[in-house]
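Engineer: Next comes coords10.cif, mmCIF, C-alpha atoms:
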data_entry
#
loop_
_atom_site.group_PDB
_atom_site.id
_atom_site.type_symbol
_atom_site.label_atom_id
_atom_site.label_comp_id
_atom_site.auth_asym_id
_atom_site.auth_seq_id
_atom_site.Cartn_x
_atom_site.Cartn_y
_atom_site.Cartn_z
ATOM 1 C CA ARG A 1 0.000 0.000 0.000
ATOM 2 C CA TYR A 2 1.119 3.529 -0.730
ATOM 3 C CA THR A 3 0.690 6.266 1.862
ATOM 4 C CA GLU A 4 1.197 9.892 0.886
ATOM 5 C CA PRO A 5 3.634 11.857 3.018
ATOM 6 C CA LEU A 6 1.939 14.473 5.189
ATOM 7 C CA ASN A 7 3.352 17.359 3.173
ATOM 8 C CA GLU A 8 1.663 16.200 -0.031
ATOM 9 C CA ASN A 9 -1.854 17.039 -1.096
ATOM 10 C CA ILE A 10 -4.357 14.707 0.567
ATOM 11 C CA GLU A 11 -6.956 15.618 -2.079
ATOM 12 C CA ASN A 12 -5.321 13.000 -4.331
ATOM 13 C CA VAL A 13 -6.054 10.147 -1.924
ATOM 14 C CA GLN A 14 -8.912 8.054 -3.219
ATOM 15 C CA LEU A 15 -10.708 5.654 -0.973
ATOM 16 C CA THR A 16 -12.086 2.536 -2.591
ATOM 17 C CA ILE A 17 -15.481 1.467 -1.379
ATOM 18 C CA ASN A 18 -16.629 -2.079 -2.084
ATOM 19 C CA PHE A 19 -20.292 -2.973 -1.995
ATOM 20 C CA PHE A 20 -21.439 -6.564 -1.825
ATOM 21 C CA SER A 21 -25.165 -5.829 -1.619
ATOM 22 C CA ALA A 22 -27.716 -5.539 -4.388
ATOM 23 C CA PRO A 23 -26.518 -3.458 -7.355
ATOM 24 C CA ILE A 24 -29.646 -1.279 -7.307
ATOM 25 C CA GLY A 25 -28.627 2.229 -6.307
ATOM 26 C CA GLN A 26 -24.962 1.288 -5.964
ATOM 27 C CA ILE A 27 -23.765 4.151 -8.145
ATOM 28 C CA GLU A 28 -25.884 6.651 -6.239
ATOM 29 C CA VAL A 29 -24.505 5.371 -2.926
ATOM 30 C CA GLN A 30 -20.918 5.571 -4.195
ATOM 31 C CA GLU A 31 -21.475 9.107 -5.497
ATOM 32 C CA TYR A 32 -23.014 10.182 -2.198
ATOM 33 C CA LEU A 33 -20.204 8.652 -0.141
ATOM 34 C CA SER A 34 -17.676 10.272 -2.456
ATOM 35 C CA SER A 35 -19.288 13.683 -1.949
ATOM 36 C CA VAL A 36 -19.312 13.207 1.835
ATOM 37 C CA ILE A 37 -15.608 12.296 1.840
ATOM 38 C CA LYS A 38 -14.713 15.197 -0.468
ATOM 39 C CA ALA A 39 -16.418 17.586 1.977
ATOM 40 C CA LEU A 40 -14.094 16.543 4.817
ATOM 41 C CA ASN A 41 -11.234 18.824 5.758
ATOM 42 C CA PRO A 42 -7.674 17.680 4.936
ATOM 43 C CA MET A 43 -6.975 16.435 8.488
ATOM 44 C CA GLU A 44 -10.182 14.379 8.526
ATOM 45 C CA LYS A 45 -9.264 12.841 5.169
ATOM 46 C CA LYS A 46 -5.809 11.926 6.457
ATOM 47 C CA LEU A 47 -7.283 10.413 9.598
ATOM 48 C CA LEU A 48 -9.826 8.425 7.593
ATOM 49 C CA ALA A 49 -7.161 7.150 5.176
ATOM 50 C CA TYR A 50 -4.656 6.243 7.900
ATOM 51 C CA LYS A 51 -7.221 4.496 10.114
ATOM 52 C CA PHE A 52 -9.391 2.642 7.625
ATOM 53 C CA TYR A 53 -7.239 2.307 4.508
ATOM 54 C CA ASP A 54 -3.764 1.897 5.984
ATOM 55 C CA GLU A 55 -5.182 0.234 9.136
ATOM 56 C CA LYS A 56 -2.892 2.194 11.436
ATOM 57 C CA THR A 57 -3.391 2.320 15.189
ATOM 58 C CA ASP A 58 -4.259 5.571 16.959
ATOM 59 C CA SER A 59 -0.712 5.644 18.321
ATOM 60 C CA GLU A 60 0.814 5.276 14.839
ATOM 61 C CA ILE A 61 -1.470 8.002 13.489
ATOM 62 C CA ALA A 62 -0.506 10.273 16.375
ATOM 63 C CA ASN A 63 3.172 9.857 15.511
ATOM 64 C CA LEU A 64 2.516 10.558 11.821
ATOM 65 C CA LEU A 65 0.442 13.666 12.526
ATOM 66 C CA GLY A 66 2.489 14.992 15.444
ATOM 67 C CA LEU A 67 -0.438 14.708 17.850
ATOM 68 C CA THR A 68 -1.118 12.884 21.073
ATOM 69 C CA GLN A 69 -2.911 9.565 20.979
ATOM 70 C CA GLN A 70 -5.745 11.172 22.954
ATOM 71 C CA ALA A 71 -6.108 13.912 20.309
ATOM 72 C CA VAL A 72 -6.298 11.286 17.561
ATOM 73 C CA SER A 73 -8.885 9.274 19.489
ATOM 74 C CA LYS A 74 -11.012 12.383 20.000
ATOM 75 C CA ALA A 75 -10.637 13.459 16.357
ATOM 76 C CA LYS A 76 -11.575 9.948 15.211
ATOM 77 C CA ARG A 77 -14.650 9.898 17.450
ATOM 78 C CA LEU A 78 -15.771 13.319 16.173
ATOM 79 C CA LEU A 79 -15.135 12.281 12.565
ATOM 80 C CA LEU A 80 -17.171 9.089 12.938
ATOM 81 C CA GLU A 81 -20.018 11.049 14.562
ATOM 82 C CA LYS A 82 -19.906 13.549 11.690
ATOM 83 C CA LEU A 83 -19.965 10.782 9.085
ATOM 84 C CA LYS A 84 -22.793 8.995 10.871
ATOM 85 C CA GLN A 85 -24.905 12.171 10.907
ATOM 86 C CA GLN A 86 -24.255 12.835 7.232
ATOM 87 C CA LEU A 87 -24.982 9.245 6.195
ATOM 88 C CA GLU A 88 -28.197 8.807 8.176
ATOM 89 C CA VAL A 89 -31.222 8.564 5.945
#
Can I see the file as structure tokens?
Structural biologist:
Amino acid sequence: RYTEPLNENIENVQLTINFFSAPIGQIEVQEYLSSVIKALNPMEKKLLAYKFYDEKTDSEIANLLGLTQQAVSKAKRLLLEKLKQQLEV
């Protein structure tokens, strides 16, 4: 897996989303998820990519971002709450 260095543009990171459910509406769901991810700020995108694409621990992410593990845990919790609110139907 390739991880962009922190000083490079995170806008170029693309997250791949796999759906194993019925194909009806799949494109609409992917487009909606893509728009939600694009609306995140650069730090949220980095956190999302490190945690769920690169499968890094909170401690590893903290070292990469120059934050405390507690700050990463809080940021992750807030990000997941934000995503949950935006994805609720």
Engineer: To one decimal place, how far is atom CA of A:Leu83 from atom CA of A:Ala62 in Å?
Structural biologist: 20.8 Å
Engineer: Fewer than 6 positions away in the same chain doesn't count, so skip those; otherwise give me all residues within 12 Å of A:Asn63, counting only C-alpha atoms, as a list in words.
Structural biologist: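 The residues that qualify are Leu6, Tyr50, Lys56, Thr57, Gln69, Gln70, Ala71 and Val72 of chain A.
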Engineer: Looking at all atoms listed in the file, which of A:Gly66, A:Ala75, A:Ile27, A:Ser34 is the one that sits closest to A:Leu47?
Structural biologist: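 The shortest atom-to-atom distance to A:Leu47 comes from A:Ala75.
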Engineer: What is the distance, in Å and to one decimal place, between atom CA of A:Tyr53 and atom CA of A:Ile37?
Structural biologist: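 Rounded to one decimal, the two atoms are 13.3 Å apart.
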Engineer: What does the distance between atom CA of A:Leu79 and atom CA of A:Glu28 come to in Å, to one decimal place?
Structural biologist: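 A separation of 22.4 Å between them.
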Engineer: For the structure shown, which residues end up in the PyMOL selection byres ((chain A and resi 48) around 12)? Put them as a VMD selection string, please?
Structural biologist: chain A and resid 10 13 to 16 37 to 38 40 to 47 49 to 58 61 72 to 73 75 to 80 83
Engineer: Which one of A:Gln26, A:Glu31, A:Glu60, A:Val36 sits closest to A:Gln86 if you count only C-alpha atoms?
Structural biologist: A:Val36
